[in-house]
Amino acid sequence: MTKMNMSKAINHAIRNEMHRDEKVLVYGEDLGVAGGSWRVAENLQKEFGVTRVFDTPLAESAIAGMAVGLGYVGYRSVIEIEYSGFMFEAMDALAGQMARVHYRSGGAFNAPITVRVPFGSGMGVVELHNDNLEGLLAQSHGLKVVMPSSPYDAKGLMISAIRDNNPVIFFEHLSLYFNTEEDVPEEEYMIEIDKASIKKEGHDVTLITYGAMVEKVMNVSKTIADKGIKAEVIDLRSLSPIDYDTLITSIQKTKRAIIIQEAQRSAGVANIISSKLNEELFTELKSPISVIASPDTLHPFVEVEDVWVSNENMIVDKISSLFENQK
């Protein structure tokens, strides 16, 4: 075991896979020499050379398009779209091309591509650098979408993503790169892309979340425990596909659920999940499935970001209201 933050854990996973498979290539804007804006690919070019780790022009459409072509001839690309808002430049290659390779070719070809996407609030970045676009990609059929919340999960999910023969969008929240360290195995391990993680068991309410919100929700679970409410906390990890079996099993026990996301209500995956769960579990619920999300506006400037993003007080108030309404 080695103490790693998320940036180091992702770097470690990519390094493991590059040693394992010489067909793994890593490229993007400022990625080769500098190691990327957040240094996630630091020193990879020094170790593996400029033919396997290299810089590209400032052209997201070309980066993603090249990955599609390289996939046809057997290469596994790990590309970085430098910030989430720049994904719009690559949407045809992402949703129109790589997502369809396997189906279009009748299984004759694959698109083994991992698309790394830094994003998120809390780090003082400007517009187009922080946008929550996971819902848009999760609703683009043919793509898998994951978002780790810890260094351990980041390494295991990255290895699984690189080995997957389907394209995987790998969202990396900026605030999680360096905020915490935990023990991560030096050796390789995989985490299944379609499996959620139960972070804390409880019997009164199920709290479903992902990414940077996991830490906030875990804090909330401790706060409400002092009020006698035992929450079960589930980290989705995978946003497409979604592990509905784990969610349904939990809610059948607790009879209540809240889905919490940083994204705007219309931009994340909470609405999709809420619709499915209300439909499946309507007669078993003690209250409707609730959603806590940021307002349906553009991601605001840094000066007001803290009051825009869903916070712990909002979550506590919503949980309290569920039980007050049933007294």
# chains A, B, ... in the order shown; residues from 1 in each chain; ligands from 1

call {"tool": "select_by_dssp", "arguments": {"residues": "range 51-147 of chain A", "states": "strand (DSSP E or B)", "output": "list in words"}}
result
Val53, Phe54, Asp55, Arg76, Ser77, Val78, Ile79, Glu80, Ile113, Thr114, Val115, Arg116, Val117, Pro118, Phe119, Lys144, Val145 and Val146 of chain A

call {"tool": "residues_around", "arguments": {"residues": "Phe54 in chain A", "least_positions_apart": "6", "cutoff": "12 Å", "atoms": "only C-alpha atoms", "output": "PyMOL selection string"}}
result
chain A and resi 25-36+41-48+63+77-80

call {"tool": "write_last_selection", "arguments": {"atoms": "C-alpha atoms", "output": "mmCIF file, in the first residue's frame"}}
result
data_model
loop_
_atom_site.group_PDB
_atom_site.id
_atom_site.type_symbol
_atom_site.label_atom_id
_atom_site.label_comp_id
_atom_site.auth_asym_id
_atom_site.auth_seq_id
_atom_site.Cartn_x
_atom_site.Cartn_y
_atom_site.Cartn_z
ATOM 1 C CA LEU A 25 -1.199 5.680 -25.953
ATOM 2 C CA VAL A 26 -1.650 8.872 -23.915
ATOM 3 C CA TYR A 27 -2.132 12.278 -25.529
ATOM 4 C CA GLY A 28 -3.831 15.654 -25.278
ATOM 5 C CA GLU A 29 -3.187 19.359 -24.988
ATOM 6 C CA ASP A 30 -0.120 20.164 -22.840
ATOM 7 C CA LEU A 31 -0.099 16.526 -21.763
ATOM 8 C CA GLY A 32 3.280 15.287 -22.977
ATOM 9 C CA VAL A 33 5.943 17.624 -21.638
ATOM 10 C CA ALA A 34 3.922 19.344 -18.902
ATOM 11 C CA GLY A 35 1.847 16.322 -17.845
ATOM 12 C CA GLY A 36 -1.453 18.147 -18.310
ATOM 13 C CA ALA A 41 0.234 12.571 -16.684
ATOM 14 C CA GLU A 42 3.404 13.886 -15.071
ATOM 15 C CA ASN A 43 6.621 12.058 -16.087
ATOM 16 C CA LEU A 44 4.815 9.597 -18.347
ATOM 17 C CA GLN A 45 6.530 10.974 -21.449
ATOM 18 C CA LYS A 46 9.935 10.697 -19.770
ATOM 19 C CA GLU A 47 9.236 7.035 -18.983
ATOM 20 C CA PHE A 48 7.514 5.902 -22.179
ATOM 21 C CA ILE A 63 -7.863 14.547 -30.405
ATOM 22 C CA SER A 77 -6.037 5.700 -26.386
ATOM 23 C CA VAL A 78 -6.167 7.559 -23.080
ATOM 24 C CA ILE A 79 -6.972 11.119 -24.117
ATOM 25 C CA GLU A 80 -7.530 14.244 -22.093
#

call {"tool": "closest_residue", "arguments": {"among": "A:Met213, A:Met98, A:Ala111, A:Leu157", "to": "Glu192 in chain A", "atoms": "only C-alpha atoms"}}
result
A:Leu157

call {"tool": "closest_atom_pairs", "arguments": {"of": "range 233-315 of chain A", "to": "range 172-176 of chain A", "cutoff": "12 Å", "atoms": "only C-alpha atoms", "output": "JSON lines"}}
result
{"residue": "A:Arg237", "atom": "CA", "partner": "A:Glu172", "partner_atom": "CA", "distance": 11.3}
{"residue": "A:Glu262", "atom": "CA", "partner": "A:His173", "partner_atom": "CA", "distance": 10.5}
{"residue": "A:Ala263", "atom": "CA", "partner": "A:His173", "partner_atom": "CA", "distance": 11.8}

call {"tool": "atom_distance", "arguments": {"atom1": "CA of Lys3 in chain A", "atom2": "CA of Asp153 in chain A"}}
result
13.5 Å

call {"tool": "select_by_dssp", "arguments": {"residues": "range 20-171 of chain A", "states": "helix (DSSP H, G or I)", "output": "number ranges by chain"}}
result
A: 20, 44-48, 60-72, 84-104, 134-138, 151-163

call {"tool": "residues_around", "arguments": {"residues": "range 285-299 of chain A", "least_positions_apart": "3", "cutoff": "7 Å", "atoms": "only C-alpha atoms", "output": "tab-separated table (two decimals) with all heavy atoms, in the first residue's frame"}}
result
chain	number	residue	atom	x	y	z
A	131	ASP	N	-17.90	23.07	-15.96
A	131	ASP	CA	-19.26	22.63	-16.28
A	131	ASP	C	-19.51	21.16	-15.97
A	131	ASP	O	-18.67	20.30	-16.25
A	131	ASP	CB	-19.55	22.87	-17.77
A	131	ASP	CG	-19.57	24.35	-18.11
A	131	ASP	OD1	-20.34	25.08	-17.50
A	131	ASP	OD2	-18.79	24.75	-19.00
A	255	LYS	N	-37.13	2.73	2.42
A	255	LYS	CA	-38.42	3.30	1.99
A	255	LYS	C	-38.36	4.79	1.65
A	255	LYS	O	-39.39	5.40	1.32
A	255	LYS	CB	-39.51	3.10	3.07
A	255	LYS	CG	-39.62	1.68	3.59
A	255	LYS	CD	-39.98	0.69	2.50
A	255	LYS	CE	-40.14	-0.72	3.07
A	255	LYS	NZ	-40.37	-1.74	2.02
A	256	ARG	N	-37.19	5.39	1.74
A	256	ARG	CA	-37.01	6.80	1.40
A	256	ARG	C	-35.68	6.97	0.68
A	256	ARG	O	-34.72	6.25	0.97
A	256	ARG	CB	-37.00	7.69	2.65
A	256	ARG	CG	-38.20	7.55	3.58
A	256	ARG	CD	-37.97	8.42	4.81
A	256	ARG	NE	-39.06	8.30	5.78
A	256	ARG	CZ	-39.09	7.39	6.77
A	256	ARG	NH1	-38.08	6.52	6.89
A	256	ARG	NH2	-40.10	7.36	7.61
A	257	ALA	N	-35.62	7.98	-0.21
A	257	ALA	CA	-34.35	8.21	-0.91
A	257	ALA	C	-34.24	9.66	-1.37
A	257	ALA	O	-35.24	10.29	-1.73
A	257	ALA	CB	-34.21	7.28	-2.11
A	258	ILE	N	-33.01	10.15	-1.34
A	258	ILE	CA	-32.68	11.46	-1.89
A	258	ILE	C	-31.47	11.29	-2.80
A	258	ILE	O	-30.50	10.61	-2.43
A	258	ILE	CB	-32.35	12.48	-0.78
A	258	ILE	CG1	-33.52	12.60	0.20
A	258	ILE	CG2	-32.03	13.85	-1.39
A	258	ILE	CD1	-33.20	13.47	1.41
A	259	ILE	N	-31.53	11.90	-3.98
A	259	ILE	CA	-30.41	11.86	-4.92
A	259	ILE	C	-29.77	13.24	-4.91
A	259	ILE	O	-30.46	14.26	-5.10
A	259	ILE	CB	-30.89	11.50	-6.33
A	259	ILE	CG1	-31.70	10.20	-6.29
A	259	ILE	CG2	-29.70	11.36	-7.28
A	259	ILE	CD1	-32.61	10.01	-7.49
A	260	ILE	N	-28.47	13.28	-4.66
A	260	ILE	CA	-27.76	14.55	-4.51
A	260	ILE	C	-26.67	14.65	-5.58
A	260	ILE	O	-25.86	13.73	-5.72
A	260	ILE	CB	-27.12	14.68	-3.11
A	260	ILE	CG1	-28.18	14.47	-2.02
A	260	ILE	CG2	-26.43	16.02	-2.96
A	260	ILE	CD1	-28.11	13.14	-1.33
A	261	GLN	N	-26.65	15.77	-6.30
A	261	GLN	CA	-25.62	15.98	-7.30
A	261	GLN	C	-25.16	17.43	-7.29
A	261	GLN	O	-25.90	18.33	-6.89
A	261	GLN	CB	-26.13	15.62	-8.70
A	261	GLN	CG	-27.27	16.48	-9.20
A	261	GLN	CD	-27.84	16.03	-10.53
A	261	GLN	OE1	-27.75	14.86	-10.90
A	261	GLN	NE2	-28.42	16.95	-11.28
A	262	GLU	N	-23.93	17.66	-7.75
A	262	GLU	CA	-23.43	19.03	-7.90
A	262	GLU	C	-24.04	19.69	-9.14
A	262	GLU	O	-24.26	20.90	-9.16
A	262	GLU	CB	-21.91	19.02	-8.02
A	262	GLU	CG	-21.31	20.40	-8.25
A	262	GLU	CD	-19.80	20.37	-8.37
A	262	GLU	OE1	-19.13	20.09	-7.36
A	262	GLU	OE2	-19.29	20.62	-9.48
A	263	ALA	N	-24.30	18.90	-10.15
A	263	ALA	CA	-24.80	19.43	-11.42
A	263	ALA	C	-26.17	20.09	-11.26
A	263	ALA	O	-26.91	19.82	-10.31
A	263	ALA	CB	-24.91	18.30	-12.44
A	264	GLN	N	-26.50	20.94	-12.22
A	264	GLN	CA	-27.84	21.48	-12.30
A	264	GLN	C	-28.84	20.32	-12.39
A	264	GLN	O	-28.51	19.24	-12.88
A	264	GLN	CB	-27.99	22.38	-13.53
A	264	GLN	CG	-27.05	23.57	-13.55
A	264	GLN	CD	-25.79	23.31	-14.33
A	264	GLN	OE1	-25.23	22.22	-14.29
A	264	GLN	NE2	-25.33	24.31	-15.06
A	265	ARG	N	-30.06	20.57	-11.96
A	265	ARG	CA	-31.06	19.49	-11.96
A	265	ARG	C	-31.22	18.87	-13.34
A	265	ARG	O	-31.36	17.65	-13.48
A	265	ARG	CB	-32.40	20.00	-11.45
A	265	ARG	CG	-33.42	18.88	-11.24
A	265	ARG	CD	-34.73	19.38	-10.71
A	265	ARG	NE	-35.62	18.24	-10.50
A	265	ARG	CZ	-36.05	17.82	-9.32
A	265	ARG	NH1	-35.66	18.43	-8.21
A	265	ARG	NH2	-36.87	16.78	-9.21
A	266	SER	N	-31.19	19.68	-14.38
A	266	SER	CA	-31.39	19.18	-15.74
A	266	SER	C	-30.12	18.69	-16.39
A	266	SER	O	-30.14	18.20	-17.51
A	266	SER	CB	-32.01	20.28	-16.61
A	266	SER	OG	-31.14	21.40	-16.69
A	270	ALA	N	-29.55	12.76	-11.86
A	270	ALA	CA	-30.53	12.56	-10.79
A	270	ALA	C	-31.95	12.39	-11.32
A	270	ALA	O	-32.71	11.56	-10.81
A	270	ALA	CB	-30.47	13.73	-9.81
A	274	SER	N	-34.27	9.26	-10.52
A	274	SER	CA	-35.52	9.49	-9.79
A	274	SER	C	-36.72	8.92	-10.54
A	274	SER	O	-37.59	8.26	-9.95
A	274	SER	CB	-35.71	11.00	-9.56
A	274	SER	OG	-36.95	11.26	-8.98
A	278	ASN	N	-38.88	5.93	-8.84
A	278	ASN	CA	-40.28	6.18	-8.50
A	278	ASN	C	-41.21	5.21	-9.24
A	278	ASN	O	-42.23	4.75	-8.70
A	278	ASN	CB	-40.65	7.63	-8.84
A	278	ASN	CG	-40.34	8.59	-7.72
A	278	ASN	OD1	-40.70	8.35	-6.57
A	278	ASN	ND2	-39.63	9.67	-8.03
A	281	LEU	N	-40.60	1.58	-7.59
A	281	LEU	CA	-40.82	1.39	-6.16
A	281	LEU	C	-41.99	2.20	-5.59
A	281	LEU	O	-42.13	2.31	-4.37
A	281	LEU	CB	-39.54	1.78	-5.40
A	281	LEU	CG	-38.29	0.97	-5.74
A	281	LEU	CD1	-37.05	1.62	-5.14
A	281	LEU	CD2	-38.42	-0.47	-5.27
A	282	PHE	N	-42.82	2.73	-6.45
A	282	PHE	CA	-43.87	3.67	-6.03
A	282	PHE	C	-44.68	3.17	-4.84
A	282	PHE	O	-44.93	3.89	-3.88
A	282	PHE	CB	-44.79	3.99	-7.21
A	282	PHE	CG	-45.88	4.95	-6.88
A	282	PHE	CD1	-45.62	6.31	-6.78
A	282	PHE	CD2	-47.18	4.50	-6.65
A	282	PHE	CE1	-46.64	7.21	-6.47
A	282	PHE	CE2	-48.19	5.40	-6.34
A	282	PHE	CZ	-47.92	6.75	-6.24
A	308	TRP	N	-24.18	28.73	-4.98
A	308	TRP	CA	-24.89	28.09	-6.10
A	308	TRP	C	-24.89	26.58	-5.98
A	308	TRP	O	-25.90	25.92	-6.21
A	308	TRP	CB	-24.24	28.53	-7.41
A	308	TRP	CG	-24.88	28.03	-8.67
A	308	TRP	CD1	-25.95	28.56	-9.33
A	308	TRP	CD2	-24.45	26.90	-9.45
A	308	TRP	NE1	-26.22	27.84	-10.47
A	308	TRP	CE2	-25.32	26.81	-10.57
A	308	TRP	CE3	-23.43	25.96	-9.32
A	308	TRP	CZ2	-25.19	25.82	-11.54
A	308	TRP	CZ3	-23.30	24.97	-10.28
A	308	TRP	CH2	-24.18	24.92	-11.39
A	309	VAL	N	-23.76	26.02	-5.58
A	309	VAL	CA	-23.60	24.56	-5.50
A	309	VAL	C	-24.36	24.02	-4.29
A	309	VAL	O	-24.40	24.63	-3.22
A	309	VAL	CB	-22.10	24.19	-5.40
A	309	VAL	CG1	-21.93	22.69	-5.16
A	309	VAL	CG2	-21.36	24.61	-6.66
A	310	SER	N	-24.97	22.85	-4.45
A	310	SER	CA	-25.67	22.18	-3.35
A	310	SER	C	-24.72	22.02	-2.16
A	310	SER	O	-23.57	21.64	-2.31
A	310	SER	CB	-26.15	20.80	-3.81
A	310	SER	OG	-26.97	20.90	-4.95

call {"tool": "closest_residue", "arguments": {"among": "A:Ser7, A:Met123, A:Lys144, A:Asn166", "to": "Val68 in chain A", "atoms": "only C-alpha atoms"}}
result
A:Asn166

call {"tool": "atom_distance", "arguments": {"atom1": "CA of Lys253 in chain A", "atom2": "CA of His203 in chain A"}}
result
6.3 Å

call {"tool": "closest_residue", "arguments": {"among": "A:Leu236, A:Ile251, A:Ala231, A:Met218", "to": "Asp194 in chain A", "atoms": "only C-alpha atoms"}}
result
A:Leu236
